[in-house]
Amino acid sequence: MTEIDDADVSDLILRHAAVKGALLPLLHDIQHRLGYIPQAAVARIAEGLNLSIADVHGVVTFYADFTLERPARRRIQLCMAEACQARGVADTCAKLEAASGLKIGETRADLSLSLEPIYCLGLCATGPAALVDGAPQARLNGQRLDALIGEVVR
């Protein structure tokens with residue numbers, strides 16, 4: 001954890017410490033500010049909220065919205081749900097994997113890009129869909145997919 005991360009986590013723990021049921025709101029705030037929950041912060045969160053380390057770790061690892069790893073600078077979260085499957089996400093995935101050199105679920109070693117599965121973005125009628133750096137993208141085939149590859153992947 002960097003000094004900046006450490007200061008941010010300490011500040012957020014202080015803001016939430018006196019609030020009953022503060023764990024989830026605190027974790028969301030840390031995730032939002034840093035992009036992840038630093039593993040080194042789990043024990044400090046537990047101490048600050050008077051919880052066990054196991055309790056905090058269990059919550060962080062249970063919810064898919066939280067991650068203990070620093071995220072890539074660019075993220076493509078490709079919807080793999082049934083509607084997107086019916087609309088050709090397998091071909092979209094194969095093309096993204098070939099262009100990026102990543103398999104779905106992998107991150108480049110330099111943290112420049114990750115290709116992640118996600119399930120149902122509510123864009124079922126306009127799939128294949130994805131979140132690209134948190135922004136929804138629909139109809140990811142043909143020219144739209146080629147543009148995404150040119151802009152984000154390479």
# chains A, B, ... in the order shown; residues from 1 in each chain; ligands from 1
>>> select_by_dssp(residues="segment 10-129 of chain A", states="alpha helix (DSSP H)", output="number ranges by chain")
A: 10-16, 23-34, 42-49, 53-62, 82-86, 89-100
>>> residues_around(residues="segment 76-79 of chain A", least_positions_apart="4", cutoff="12 Å", atoms="only C-alpha atoms", output="MDAnalysis selection string")
chainID A and resid 71:72 83:97 100 102:107 112:124 126:140 145 148:149 151:153
>>> closest_residue(among="A:Arg70, A:His57, A:Arg154, A:Arg75", to="Ala43 of chain A", atoms="only C-alpha atoms")
A:His57
>>> atom_distance(atom1="atom CA of Gln31 of chain A", atom2="atom CA of Val19 of chain A")
18.3 Å
>>> residues_around(residues="Ala40 of chain A", least_positions_apart="3", cutoff="10 Å", atoms="only C-alpha atoms", output="PDB file with N, CA and C atoms, in the first residue's frame")
ATOM      1  N   MET A   1       0.861  -1.170   0.000  1.00  0.00           N
ATOM      2  CA  MET A   1       0.000   0.000   0.000  1.00  0.00           C
ATOM      3  C   MET A   1       0.903   1.227   0.000  1.00  0.00           C
ATOM      4  N   ASP A   6      -2.515   4.612   2.036  1.00  0.00           N
ATOM      5  CA  ASP A   6      -2.569   4.490   3.487  1.00  0.00           C
ATOM      6  C   ASP A   6      -3.320   5.670   4.107  1.00  0.00           C
ATOM      7  N   ILE A  37      -9.425  -2.777  -2.686  1.00  0.00           N
ATOM      8  CA  ILE A  37      -9.241  -2.801  -1.237  1.00  0.00           C
ATOM      9  C   ILE A  37      -7.840  -3.369  -1.000  1.00  0.00           C
ATOM     10  N   ALA A  43      -6.608  -5.595   7.915  1.00  0.00           N
ATOM     11  CA  ALA A  43      -6.426  -5.633   9.375  1.00  0.00           C
ATOM     12  C   ALA A  43      -6.731  -4.270   9.995  1.00  0.00           C
ATOM     13  N   ARG A  44      -6.369  -3.191   9.312  1.00  0.00           N
ATOM     14  CA  ARG A  44      -6.649  -1.846   9.837  1.00  0.00           C
ATOM     15  C   ARG A  44      -8.140  -1.553   9.832  1.00  0.00           C
ATOM     16  N   ILE A  45      -8.844  -2.007   8.807  1.00  0.00           N
ATOM     17  CA  ILE A  45     -10.292  -1.840   8.756  1.00  0.00           C
ATOM     18  C   ILE A  45     -10.932  -2.604   9.914  1.00  0.00           C
ATOM     19  N   LEU A  68      -9.073  -7.283  -4.102  1.00  0.00           N
ATOM     20  CA  LEU A  68      -7.884  -7.057  -3.272  1.00  0.00           C
ATOM     21  C   LEU A  68      -6.662  -6.713  -4.125  1.00  0.00           C
TER      22      LEU A  68
END
>>> closest_residue(among="A:Ala147, A:Ala109, A:Leu12, A:Ala125", to="Arg73 of chain A", atoms="only C-alpha atoms")
A:Ala109
>>> atom_distance(atom1="atom CA of Tyr36 of chain A", atom2="atom CA of Ser52 of chain A")
19.9 Å
>>> closest_residue(among="A:Lys20, A:His28, A:Arg144, A:Arg33", to="Asp65 of chain A", atoms="only C-alpha atoms")
A:His28
>>> select_by_dssp(residues="segment 19-131 of chain A", states="strand (DSSP E)", output="ChimeraX atom specification")
/A:74-79,106-107,113-118,130-131
>>> decode(residues="segment 83-95 of chain A", atoms="N, CA and C atoms", output="mmCIF file, in the first residue's frame")
data_model
loop_
_atom_site.group_PDB
_atom_site.id
_atom_site.type_symbol
_atom_site.label_atom_id
_atom_site.label_comp_id
_atom_site.auth_asym_id
_atom_site.auth_seq_id
_atom_site.Cartn_x
_atom_site.Cartn_y
_atom_site.Cartn_z
ATOM 1 N N ALA A 83 -28.132 -13.590 -22.710
ATOM 2 C CA ALA A 83 -28.590 -12.756 -23.827
ATOM 3 C C ALA A 83 -27.412 -12.339 -24.705
ATOM 4 N N CYS A 84 -26.299 -11.979 -24.083
ATOM 5 C CA CYS A 84 -25.116 -11.610 -24.875
ATOM 6 C C CYS A 84 -24.528 -12.834 -25.574
ATOM 7 N N GLN A 85 -24.646 -14.001 -24.936
ATOM 8 C CA GLN A 85 -24.210 -15.223 -25.607
ATOM 9 C C GLN A 85 -25.029 -15.441 -26.872
ATOM 10 N N ALA A 86 -26.324 -15.224 -26.778
ATOM 11 C CA ALA A 86 -27.193 -15.397 -27.940
ATOM 12 C C ALA A 86 -26.907 -14.368 -29.029
ATOM 13 N N ARG A 87 -26.337 -13.241 -28.634
ATOM 14 C CA ARG A 87 -26.052 -12.173 -29.585
ATOM 15 C C ARG A 87 -24.595 -12.183 -30.058
ATOM 16 N N GLY A 88 -23.856 -13.257 -29.755
ATOM 17 C CA GLY A 88 -22.534 -13.427 -30.354
ATOM 18 C C GLY A 88 -21.341 -13.017 -29.511
ATOM 19 N N VAL A 89 -21.473 -13.003 -28.194
ATOM 20 C CA VAL A 89 -20.349 -12.579 -27.358
ATOM 21 C C VAL A 89 -19.149 -13.515 -27.485
ATOM 22 N N ALA A 90 -19.361 -14.771 -27.833
ATOM 23 C CA ALA A 90 -18.226 -15.697 -27.978
ATOM 24 C C ALA A 90 -17.270 -15.212 -29.062
ATOM 25 N N ASP A 91 -17.808 -14.727 -30.193
ATOM 26 C CA ASP A 91 -16.962 -14.195 -31.259
ATOM 27 C C ASP A 91 -16.280 -12.903 -30.821
ATOM 28 N N THR A 92 -17.029 -12.058 -30.103
ATOM 29 C CA THR A 92 -16.463 -10.807 -29.585
ATOM 30 C C THR A 92 -15.316 -11.112 -28.631
ATOM 31 N N CYS A 93 -15.531 -12.065 -27.753
ATOM 32 C CA CYS A 93 -14.524 -12.462 -26.781
ATOM 33 C C CYS A 93 -13.276 -12.994 -27.494
ATOM 34 N N ALA A 94 -13.471 -13.855 -28.470
ATOM 35 C CA ALA A 94 -12.339 -14.431 -29.202
ATOM 36 C C ALA A 94 -11.522 -13.344 -29.890
ATOM 37 N N LYS A 95 -12.196 -12.365 -30.458
ATOM 38 C CA LYS A 95 -11.493 -11.290 -31.145
ATOM 39 C C LYS A 95 -10.737 -10.403 -30.152
#
